[in-house]
$ cat entry37.pdb   # PDB, C-alpha atoms
MODEL        1
ATOM      1  CA  MET A   1       3.075 -13.859  14.710
ATOM      2  CA  THR A   2       0.935 -13.201  11.651
ATOM      3  CA  GLY A   3       0.112 -16.830  10.982
ATOM      4  CA  GLN A   4       1.784 -16.501   7.581
ATOM      5  CA  ARG A   5       4.883 -18.469   6.658
ATOM      6  CA  HIS A   6       7.552 -16.998   4.448
ATOM      7  CA  THR A   7      10.741 -18.457   3.061
ATOM      8  CA  ALA A   8      13.970 -17.645   4.841
ATOM      9  CA  THR A   9      15.260 -15.753   1.826
ATOM     10  CA  GLU A  10      12.121 -13.634   1.608
ATOM     11  CA  SER A  11      12.117 -12.782   5.302
ATOM     12  CA  HIS A  12      15.814 -11.848   5.371
ATOM     13  CA  ARG A  13      16.167  -9.671   2.293
ATOM     14  CA  PRO A  14      18.321  -6.632   2.979
ATOM     15  CA  PHE A  15      16.565  -3.304   2.897
ATOM     16  CA  ALA A  16      17.720   0.126   1.793
ATOM     17  CA  GLU A  17      18.116   3.252   3.896
ATOM     18  CA  PRO A  18      14.880   5.154   4.532
ATOM     19  CA  VAL A  19      14.024   7.795   1.919
ATOM     20  CA  ARG A  20      11.303  10.403   1.619
ATOM     21  CA  LEU A  21       8.266   9.206  -0.288
ATOM     22  CA  ASP A  22       6.582  11.380  -2.899
ATOM     23  CA  LEU A  23       2.882  10.547  -2.850
ATOM     24  CA  SER A  24       2.299  12.572  -6.026
ATOM     25  CA  ASP A  25       4.071   9.724  -7.858
ATOM     26  CA  PRO A  26       1.338   7.166  -8.770
ATOM     27  CA  ASP A  27       3.630   4.121  -8.334
ATOM     28  CA  THR A  28       4.857   5.281  -4.926
ATOM     29  CA  LEU A  29       1.290   5.994  -3.848
ATOM     30  CA  ARG A  30       0.085   2.533  -4.964
ATOM     31  CA  HIS A  31       2.984   0.764  -3.229
ATOM     32  CA  LEU A  32       2.398   2.714  -0.009
ATOM     33  CA  TRP A  33      -1.330   2.007  -0.149
ATOM     34  CA  ASP A  34      -0.672  -1.729  -0.643
ATOM     35  CA  LEU A  35       1.871  -1.734   2.208
ATOM     36  CA  GLN A  36      -0.510   0.105   4.515
ATOM     37  CA  ARG A  37      -3.359  -2.333   3.838
ATOM     38  CA  ALA A  38      -1.103  -5.362   4.506
ATOM     39  CA  SER A  39       0.282  -3.867   7.706
ATOM     40  CA  TYR A  40      -3.007  -2.643   9.157
ATOM     41  CA  ALA A  41      -4.646  -5.997   8.364
ATOM     42  CA  VAL A  42      -2.169  -7.558  10.820
ATOM     43  CA  GLU A  43      -2.935  -4.917  13.455
ATOM     44  CA  ALA A  44      -6.671  -5.430  12.921
ATOM     45  CA  ARG A  45      -6.239  -9.132  13.720
ATOM     46  CA  LEU A  46      -4.094  -8.363  16.771
ATOM     47  CA  ILE A  47      -6.568  -5.925  18.278
ATOM     48  CA  GLY A  48      -9.731  -7.655  17.091
ATOM     49  CA  PHE A  49     -11.008  -4.572  15.255
ATOM     50  CA  ASP A  50     -11.001  -3.872  11.531
ATOM     51  CA  GLY A  51     -12.230  -0.293  11.793
ATOM     52  CA  ILE A  52      -8.710   1.185  11.687
ATOM     53  CA  PRO A  53      -9.235   4.265   9.473
ATOM     54  CA  PRO A  54      -6.107   3.878   7.265
ATOM     55  CA  LEU A  55      -7.173   0.299   6.507
ATOM     56  CA  HIS A  56     -10.183   1.705   4.677
ATOM     57  CA  GLU A  57      -8.850   4.861   3.049
ATOM     58  CA  SER A  58      -8.602   5.117  -0.703
ATOM     59  CA  PRO A  59      -5.348   5.916  -2.511
ATOM     60  CA  GLU A  60      -6.745   9.410  -3.120
ATOM     61  CA  GLN A  61      -7.417   9.890   0.608
ATOM     62  CA  LEU A  62      -3.893   8.674   1.399
ATOM     63  CA  ARG A  63      -2.370  11.126  -1.104
ATOM     64  CA  ALA A  64      -4.374  13.985   0.467
ATOM     65  CA  CYS A  65      -3.507  13.116   4.097
ATOM     66  CA  ASP A  66      -1.081  16.053   4.539
ATOM     67  CA  GLU A  67       1.548  13.908   6.288
ATOM     68  CA  SER A  68       5.242  13.527   5.463
ATOM     69  CA  PHE A  69       6.512  10.009   4.737
ATOM     70  CA  LEU A  70       9.739   8.048   4.876
ATOM     71  CA  GLY A  71       9.880   4.602   3.346
ATOM     72  CA  VAL A  72      12.151   1.568   3.217
ATOM     73  CA  ARG A  73      12.405  -0.833   0.287
ATOM     74  CA  ASP A  74      13.971  -4.231  -0.195
ATOM     75  CA  GLU A  75      14.737  -5.619  -3.646
ATOM     76  CA  LEU A  76      11.083  -6.465  -4.259
ATOM     77  CA  ARG A  77       8.839  -3.908  -2.614
ATOM     78  CA  LEU A  78       8.216  -1.094  -0.209
ATOM     79  CA  VAL A  79       8.484  -2.893   3.158
ATOM     80  CA  GLY A  80       7.971  -0.093   5.649
ATOM     81  CA  ALA A  81       6.944   3.522   6.072
ATOM     82  CA  VAL A  82       6.500   6.109   8.780
ATOM     83  CA  ALA A  83       4.379   9.248   8.521
ATOM     84  CA  TRP A  84       4.359  12.307  10.725
ATOM     85  CA  THR A  85       3.126  15.851  11.154
ATOM     86  CA  ARG A  86       4.238  18.774  13.301
ATOM     87  CA  LEU A  87       1.650  20.020  15.736
ATOM     88  CA  PRO A  88       1.232  23.766  16.399
ATOM     89  CA  ASN A  89       3.088  23.349  19.723
ATOM     90  CA  GLY A  90       6.112  21.889  17.879
ATOM     91  CA  ALA A  91       5.499  18.300  18.942
ATOM     92  CA  LEU A  92       6.143  15.582  16.393
ATOM     93  CA  ASP A  93       3.088  13.377  15.862
ATOM     94  CA  ILE A  94       3.854   9.946  14.401
ATOM     95  CA  CYS A  95       0.664   9.318  12.450
ATOM     96  CA  ARG A  96       1.471   5.861  11.028
ATOM     97  CA  LEU A  97       4.213   3.289  11.196
ATOM     98  CA  VAL A  98       3.638   0.362   8.862
ATOM     99  CA  VAL A  99       5.773  -2.691   8.125
ATOM    100  CA  HIS A 100       4.883  -5.342   5.571
ATOM    101  CA  PRO A 101       4.268  -8.760   7.188
ATOM    102  CA  VAL A 102       7.179 -10.302   5.201
ATOM    103  CA  ALA A 103       9.513  -7.787   6.862
ATOM    104  CA  HIS A 104       8.436  -8.148  10.500
ATOM    105  CA  ARG A 105      11.262  -8.512  13.038
ATOM    106  CA  ARG A 106      13.937  -7.308  10.597
ATOM    107  CA  GLY A 107      14.575  -3.871  12.089
ATOM    108  CA  VAL A 108      12.511  -1.963   9.530
ATOM    109  CA  ALA A 109      10.487  -0.039  12.128
ATOM    110  CA  THR A 110      13.632   0.757  14.103
ATOM    111  CA  ALA A 111      15.418   2.030  10.969
ATOM    112  CA  LEU A 112      12.433   4.227  10.126
ATOM    113  CA  LEU A 113      12.182   5.646  13.649
ATOM    114  CA  ASP A 114      15.955   6.246  13.785
ATOM    115  CA  ALA A 115      15.790   8.141  10.489
ATOM    116  CA  LEU A 116      12.806  10.146  11.699
ATOM    117  CA  ASP A 117      14.615  11.064  14.930
ATOM    118  CA  SER A 118      17.570  12.199  12.839
ATOM    119  CA  ILE A 119      15.711  14.409  10.350
ATOM    120  CA  GLU A 120      12.940  15.666  12.656
ATOM    121  CA  PRO A 121      14.329  16.081  16.182
ATOM    122  CA  ALA A 122      11.643  17.016  18.678
ATOM    123  CA  GLU A 123      11.335  17.958  22.306
ATOM    124  CA  LEU A 124       8.116  15.930  22.389
ATOM    125  CA  THR A 125       7.091  13.049  20.134
ATOM    126  CA  ILE A 126       3.667  11.456  20.384
ATOM    127  CA  VAL A 127       2.170   8.294  18.915
ATOM    128  CA  SER A 128      -0.796   6.013  19.480
ATOM    129  CA  THR A 129      -1.387   2.347  18.762
ATOM    130  CA  GLY A 130      -3.944  -0.319  19.532
ATOM    131  CA  THR A 131      -3.532  -1.319  23.168
ATOM    132  CA  ALA A 132      -3.726  -4.990  22.186
ATOM    133  CA  ASN A 133      -0.996  -4.501  19.557
ATOM    134  CA  LEU A 134       1.627  -5.690  22.007
ATOM    135  CA  PRO A 135       4.520  -5.750  19.493
ATOM    136  CA  ALA A 136       3.946  -2.074  18.650
ATOM    137  CA  VAL A 137       3.551  -1.050  22.297
ATOM    138  CA  ALA A 138       6.785  -2.910  23.128
ATOM    139  CA  LEU A 139       8.633  -1.244  20.235
ATOM    140  CA  TYR A 140       7.645   2.227  21.366
ATOM    141  CA  ARG A 141       8.471   1.468  25.009
ATOM    142  CA  ARG A 142      11.943   0.232  23.979
ATOM    143  CA  ARG A 143      12.410   3.567  22.242
ATOM    144  CA  GLY A 144      11.650   5.513  25.412
ATOM    145  CA  PHE A 145       7.955   6.250  24.875
ATOM    146  CA  ILE A 146       5.770   6.056  27.949
ATOM    147  CA  PRO A 147       2.033   5.401  27.965
ATOM    148  CA  VAL A 148       0.139   8.530  28.984
ATOM    149  CA  GLY A 149      -3.434   7.428  28.435
ATOM    150  CA  GLU A 150      -5.929   5.254  26.638
ATOM    151  CA  ARG A 151      -8.876   6.110  24.444
ATOM    152  CA  GLN A 152     -11.754   3.801  23.614
ATOM    153  CA  VAL A 153     -12.341   3.700  19.836
ATOM    154  CA  ALA A 154     -15.005   0.972  19.772
ATOM    155  CA  PRO A 155     -16.645  -1.265  22.373
ATOM    156  CA  GLY A 156     -13.828  -3.293  23.930
ATOM    157  CA  VAL A 157     -11.123  -1.665  21.767
ATOM    158  CA  THR A 158      -8.709   0.931  23.115
ATOM    159  CA  VAL A 159      -5.789   2.872  21.728
ATOM    160  CA  THR A 160      -2.798   3.606  23.945
ATOM    161  CA  LEU A 161      -1.378   7.126  23.730
ATOM    162  CA  LEU A 162       2.389   7.309  24.202
ATOM    163  CA  GLU A 163       4.884  10.142  24.351
ATOM    164  CA  ARG A 164       8.622  10.663  24.529
ATOM    165  CA  LYS A 165      10.204  13.869  25.729
ATOM    166  CA  ASN A 166      13.534  15.232  24.492
ATOM    167  CA  ALA A 167      13.852  12.689  21.698
ATOM    168  CA  SER A 168      17.312  12.359  20.214
ATOM    169  CA  ALA A 169      18.655   9.854  17.706
ATOM    170  CA  SER A 170      22.132  10.324  19.120
ATOM    171  CA  GLN A 171      21.033   9.351  22.630
ATOM    172  CA  PRO A 172      18.575   6.451  22.448
ATOM    173  CA  ILE A 173      16.409   5.984  25.498
ATOM    174  CA  HIS A 174      16.045   2.449  26.839
ATOM    175  CA  ASN A 175      13.492   1.312  29.399
ATOM    176  CA  SER A 176      14.125  -1.814  31.391
TER     177      SER A 176
ENDMDL
END

$ encode --input "entry37.pdb" --output "structure tokens"
Amino acid sequence: MTGQRHTATESHRPFAEPVRLDLSDPDTLRHLWDLQRASYAVEARLIGFDGIPPLHESPEQLRACDESFLGVRDELRLVGAVAWTRLPNGALDICRLVVHPVAHRRGVATALLDALDSIEPAELTIVSTGTANLPAVALYRRRGFIPVGERQVAPGVTVTLLERKNASASQPIHNS
């Protein structure tokens, strides 16, 4: 999908359980920043738009983002992370979900979202992704999110807004 080829051993490395990331730790911050840039570069190619804000933020801006993070590592690197905030109405807002290109299609995003559902249950969870990022849209739809709107972010580029009501890790929602 990304046009990059990786060895079978690299693409099938086992990964650890998701853990909270401490962005005040300089190494964690650098690894997350590197992961984010690699992941959003793939999305930029998929949607034909490189103006994705996290793709251009500095490590200092990332550290100051006021989001909570969970991350997943394999033996070599941080391979995935999810960030969220709680909105004033109690809704959970998934701000970012990033997976390193070497870890695509290995269940990293699913493990992160499962962990998030477990530690942050919510009556309403919201997320947005590039409309042309079909793998991300499909992932969220499989997890019970439904599209509720689109927003144009640049000429010819839209973001799909999705939401899931009554989220529960113990009762996954599946759409056919």

$ axis_aligned_box --input "entry37.pdb" --around "stretch 13-30 of chain A" --padding-each-side "3 Å" --output "AutoDock Vina command-line options"
--center_x 9.2 --center_y 1.5 --center_z -2.1 --size_x 24.2 --size_y 28.2 --size_z 19.3

$ residues_around --input "entry37.pdb" --residues "stretch 149-152 of chain A" --least-positions-apart "2" --cutoff "10 Å" --atoms "only C-alpha atoms" --output "CSV table (one decimal) with C-alpha atoms, keeping the file's coordinate frame"
chain,number,residue,atom,x,y,z
A,128,SER,CA,-0.8,6.0,19.5
A,129,THR,CA,-1.4,2.3,18.8
A,130,GLY,CA,-3.9,-0.3,19.5
A,131,THR,CA,-3.5,-1.3,23.2
A,146,ILE,CA,5.8,6.1,27.9
A,147,PRO,CA,2.0,5.4,28.0
A,154,ALA,CA,-15.0,1.0,19.8
A,155,PRO,CA,-16.6,-1.3,22.4
A,156,GLY,CA,-13.8,-3.3,23.9
A,157,VAL,CA,-11.1,-1.7,21.8
A,158,THR,CA,-8.7,0.9,23.1
A,159,VAL,CA,-5.8,2.9,21.7
A,160,THR,CA,-2.8,3.6,23.9
A,161,LEU,CA,-1.4,7.1,23.7
A,162,LEU,CA,2.4,7.3,24.2
A,163,GLU,CA,4.9,10.1,24.4

$ closest_residue --input "entry37.pdb" --among "A:Gly144, A:Pro135, A:Pro18, A:Gly51" --to "A:Leu70" --atoms "only C-alpha atoms"
A:Pro18

$ closest_residue --input "entry37.pdb" --among "A:Pro14, A:Pro101, A:Gly71, A:Gly107" --to "A:Glu43" --atoms "only C-alpha atoms"
A:Pro101

$ closest_residue --input "entry37.pdb" --among "A:Leu35, A:Leu29, A:Ile47, A:Ala16" --to "A:Asn133" --atoms "only C-alpha atoms"
A:Ile47

$ closest_residue --input "entry37.pdb" --among "A:Ala38, A:Ile119, A:Val102, A:Leu139" --to "A:Asp74" --atoms "only C-alpha atoms"
A:Val102
